[in-house]
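Participant: Handing you this structure, nothing more for now.
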Amino acid sequence: SRAASAVYAAPVGKRGRKRSRGDGAAAKPVTTSSYTSGDGSVLVLCDELSAGTLRGLEKLDAKPAATTEDRWQRRVEYLFERLAVGWEISGLPLEGQRELLGRYRMASSDERRAVRAALAEHLGKRYPDVEV
């Protein structure tokens, strides 16, 4: 897959929108990277993880899970929810957090595999100590 950086100026998520309305100051632009899968889908991921997200990953790992597979699935979904800001599938752009997460939950096994590969590549470049 191929990565390209871009700047995404809109606030990401509910908390980001609340912060941008708070004092009237414009939201800090968020840099992103795009990953194109073999089927032509493009996943756009935020380049930075917040300290809160990193703490959340630690808490997630500390929680009991039914199986190792269950813990792994929760971790991938958590990372997707925190990093994904756009996903174009078959020419249809998805951007809202609810829309993205809902589509991820309905994704085929091939689509999920492509998302995991993009997350692994993305984190490997920026946060090598964080595993998918």
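Residue names in the structure tokens use chain letters A, B, ... in the order shown, residue numbers from 1 in each chain, and ligand numbers from 1 in the order shown.
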Need to verify the contact set: segment 72-78 of chain A, 10 Å, only C-alpha atoms, exclusion of same-chain residues closer than 5 positions in sequence. Can you return it as a compact mmCIF listing (two decimals) with all heavy atoms, in the first residue's frame?

Facilitator:
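So out_25.txt came out as:
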```
# COMPACT_ATOMS: atom_id res chain seq x y z
N THR A 53 -5.44 8.26 24.37
CA THR A 53 -5.61 7.05 23.57
C THR A 53 -4.58 6.00 23.96
O THR A 53 -4.90 4.82 24.09
CB THR A 53 -5.52 7.37 22.07
OG1 THR A 53 -6.61 8.22 21.72
CG2 THR A 53 -5.57 6.11 21.22
N GLY A 56 -5.66 4.58 27.12
CA GLY A 56 -6.80 3.71 26.86
C GLY A 56 -6.39 2.34 26.34
O GLY A 56 -7.00 1.33 26.68
N LEU A 57 -5.35 2.32 25.50
CA LEU A 57 -4.83 1.04 25.00
C LEU A 57 -4.30 0.18 26.16
O LEU A 57 -4.52 -1.02 26.19
CB LEU A 57 -3.70 1.26 24.00
CG LEU A 57 -4.12 1.54 22.56
CD1 LEU A 57 -2.91 1.94 21.74
CD2 LEU A 57 -4.81 0.34 21.96
N LEU A 60 -7.25 -1.14 28.03
CA LEU A 60 -7.89 -2.17 27.22
C LEU A 60 -7.15 -3.50 27.35
O LEU A 60 -7.77 -4.55 27.47
CB LEU A 60 -7.93 -1.72 25.76
CG LEU A 60 -8.76 -2.51 24.78
CD1 LEU A 60 -10.24 -2.41 25.14
CD2 LEU A 60 -8.55 -1.98 23.38
N ASP A 61 -5.83 -3.43 27.35
CA ASP A 61 -5.02 -4.63 27.48
C ASP A 61 -5.14 -5.25 28.88
O ASP A 61 -4.96 -6.45 29.04
CB ASP A 61 -3.54 -4.33 27.18
CG ASP A 61 -3.30 -4.06 25.71
OD1 ASP A 61 -4.16 -4.44 24.88
OD2 ASP A 61 -2.27 -3.44 25.39
N ALA A 65 -10.59 -10.62 28.84
CA ALA A 65 -11.31 -10.88 27.59
C ALA A 65 -11.64 -12.37 27.54
O ALA A 65 -10.95 -13.19 28.15
CB ALA A 65 -10.46 -10.50 26.39
N THR A 67 -11.39 -14.37 25.04
CA THR A 67 -10.32 -15.07 24.34
C THR A 67 -9.27 -14.06 23.88
O THR A 67 -9.51 -12.85 23.88
CB THR A 67 -10.85 -15.79 23.08
OG1 THR A 67 -11.34 -14.80 22.16
CG2 THR A 67 -11.95 -16.78 23.42
N LEU A 83 -8.08 6.47 15.03
CA LEU A 83 -7.21 6.95 13.95
C LEU A 83 -7.93 7.27 12.64
O LEU A 83 -7.49 8.15 11.90
CB LEU A 83 -6.11 5.92 13.67
CG LEU A 83 -5.04 5.78 14.75
CD1 LEU A 83 -4.15 4.57 14.47
CD2 LEU A 83 -4.20 7.04 14.84
N LEU A 101 -17.11 3.80 11.84
CA LEU A 101 -17.13 2.65 12.75
C LEU A 101 -18.22 1.66 12.34
O LEU A 101 -17.99 0.44 12.35
CB LEU A 101 -17.32 3.10 14.19
CG LEU A 101 -17.12 2.04 15.25
CD1 LEU A 101 -15.76 1.38 15.12
CD2 LEU A 101 -17.29 2.65 16.63
N TYR A 104 -16.93 -0.21 9.38
CA TYR A 104 -15.88 -1.15 9.78
C TYR A 104 -16.51 -2.41 10.38
O TYR A 104 -16.08 -3.52 10.09
CB TYR A 104 -14.92 -0.51 10.80
CG TYR A 104 -13.92 -1.51 11.32
CD1 TYR A 104 -12.85 -1.91 10.53
CD2 TYR A 104 -14.08 -2.09 12.57
CE1 TYR A 104 -11.95 -2.86 10.98
CE2 TYR A 104 -13.18 -3.05 13.03
CZ TYR A 104 -12.12 -3.42 12.24
OH TYR A 104 -11.24 -4.37 12.68
N ARG A 105 -17.52 -2.24 11.18
CA ARG A 105 -18.17 -3.39 11.82
C ARG A 105 -18.88 -4.28 10.81
O ARG A 105 -19.08 -5.46 11.06
CB ARG A 105 -19.15 -2.91 12.88
CG ARG A 105 -18.43 -2.36 14.10
CD ARG A 105 -19.36 -1.83 15.13
NE ARG A 105 -18.61 -1.41 16.32
CZ ARG A 105 -19.08 -0.58 17.22
NH1 ARG A 105 -20.30 -0.09 17.11
NH2 ARG A 105 -18.35 -0.26 18.26
N ARG A 112 -11.36 -6.02 6.44
CA ARG A 112 -10.77 -5.94 7.79
C ARG A 112 -9.27 -6.24 7.72
O ARG A 112 -8.48 -5.60 8.42
CB ARG A 112 -11.45 -6.91 8.74
CG ARG A 112 -12.80 -6.41 9.20
CD ARG A 112 -13.45 -7.42 10.13
NE ARG A 112 -14.72 -6.92 10.57
CZ ARG A 112 -14.98 -6.53 11.82
NH1 ARG A 112 -14.04 -6.62 12.73
NH2 ARG A 112 -16.16 -6.08 12.15
N VAL A 115 -7.60 -3.15 6.49
CA VAL A 115 -7.58 -2.13 7.55
C VAL A 115 -6.47 -2.46 8.55
O VAL A 115 -5.68 -1.59 8.93
CB VAL A 115 -8.95 -2.02 8.26
CG1 VAL A 115 -8.83 -1.23 9.56
CG2 VAL A 115 -9.97 -1.36 7.34
N ARG A 116 -6.39 -3.71 8.97
CA ARG A 116 -5.33 -4.12 9.92
C ARG A 116 -3.95 -3.89 9.34
O ARG A 116 -3.03 -3.42 10.03
CB ARG A 116 -5.50 -5.58 10.33
CG ARG A 116 -6.61 -5.81 11.31
CD ARG A 116 -6.58 -7.20 11.90
NE ARG A 116 -6.59 -8.27 10.92
CZ ARG A 116 -7.69 -8.85 10.44
NH1 ARG A 116 -8.88 -8.47 10.88
NH2 ARG A 116 -7.61 -9.81 9.56
N LEU A 119 -3.29 -0.15 9.44
CA LEU A 119 -3.02 0.26 10.82
C LEU A 119 -1.62 -0.17 11.25
O LEU A 119 -0.88 0.60 11.86
CB LEU A 119 -4.06 -0.32 11.78
CG LEU A 119 -5.45 0.30 11.75
CD1 LEU A 119 -6.43 -0.54 12.57
CD2 LEU A 119 -5.42 1.74 12.23
N ALA A 120 -1.24 -1.40 10.91
CA ALA A 120 0.08 -1.91 11.28
C ALA A 120 1.19 -1.08 10.62
O ALA A 120 2.17 -0.71 11.26
CB ALA A 120 0.21 -3.38 10.90
N GLU A 131 1.40 -2.06 19.13
CA GLU A 131 1.05 -3.16 18.22
C GLU A 131 -0.42 -3.12 17.89
O GLU A 131 -1.23 -2.68 18.67
CB GLU A 131 1.39 -4.50 18.87
CG GLU A 131 2.87 -4.72 19.07
CD GLU A 131 3.16 -6.06 19.70
OE1 GLU A 131 2.32 -6.98 19.55
OE2 GLU A 131 4.21 -6.18 20.33
N VAL A 132 -0.75 -3.62 16.70
CA VAL A 132 -2.16 -3.71 16.30
C VAL A 132 -2.74 -4.96 16.92
O VAL A 132 -2.13 -5.97 17.02
CB VAL A 132 -2.30 -3.77 14.76
CG1 VAL A 132 -3.75 -3.98 14.35
CG2 VAL A 132 -1.76 -2.51 14.15
```

Participant: Give the answer as one residue: which of A:Thr32, A:Ala84, A:Glu111, A:Gly52 has the shortest atom-to-atom distance to Glu99 of chain A, using only C-alpha atoms?

Facilitator: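 Ranking A:Thr32, A:Ala84, A:Glu111, A:Gly52 by distance to Glu99 of chain A, first place goes to A:Ala84.
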
Participant: In Å, how far is it from atom CA of Asp70 of chain A to atom CA of Arg55 of chain A?

Facilitator: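 Separation of atom CA of Asp70 of chain A and atom CA of Arg55 of chain A: 19.4 Å.
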
Participant: If we count only C-alpha atoms, what is near Leu100 of chain A at a cut-off of 9 Å, once residues fewer than 5 positions away on the same chain are taken out, given as a tab-separated table (two decimals) with C-alpha atoms, in the first residue's frame?

Facilitator:
```tsv
chain	number	residue	atom	x	y	z
A	80	PHE	CA	-9.53	2.22	14.02
A	81	GLU	CA	-12.00	4.39	15.93
A	84	ALA	CA	-9.63	6.73	11.00
A	85	VAL	CA	-10.82	10.08	9.64
A	86	GLY	CA	-11.90	8.91	6.18
A	87	TRP	CA	-12.45	5.77	4.15
A	94	LEU	CA	-17.13	7.94	4.45
A	95	GLU	CA	-16.04	10.57	6.97
A	105	ARG	CA	-18.17	-3.39	11.82
```

Participant: Go through A:Ala114, A:Met106, A:Ala66, A:Leu123 one by one, measure the shortest atom-to-atom distance of each to Glu48 of chain A using only C-alpha atoms, and give the residue with the smallest value.

Facilitator: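 Closest residue, counting only C-alpha atoms: A:Leu123.
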
Participant: As number ranges by chain, which residues of segment 6-126 of chain A does DSSP assign to alpha helix (DSSP H)?

Facilitator: A: 13-22, 51-62, 68-83, 97-105, 109-126

Participant: With distances taken over only C-alpha atoms, which residue among A:Gln97, A:Arg82, A:Ile89, A:Arg71 lies nearest Gly38 of chain A?

Facilitator: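 Smallest distance to Gly38 of chain A is found for A:Ile89.
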
Participant: Interatomic distance between atom CA of Thr31 of chain A and atom CA of Cys46 of chain A?

Facilitator: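 Separating atom CA of Thr31 of chain A from atom CA of Cys46 of chain A is a distance of 6.1 Å.
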
Participant: Please determine, counting only C-alpha atoms, which residue among A:Glu69, A:Val130, A:Ala62, A:Asp110 has the shortest atom-to-atom distance to Asp39 of chain A.

Facilitator: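 With only C-alpha atoms as the atom set, the closest residue is A:Asp110.
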
Participant: To one decimal place in Å, what is the distance between atom CA of Pro93 of chain A and atom CA of Glu121 of chain A?

Facilitator: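 Result for atom CA of Pro93 of chain A versus atom CA of Glu121 of chain A: 21.8 Å, one decimal.
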
Participant: Run DSSP on the backbone and grab whatever in segment 65-122 of chain A lands in strand (DSSP E); send it over as a ChimeraX atom specification.

Facilitator: /A:84-89,92-94
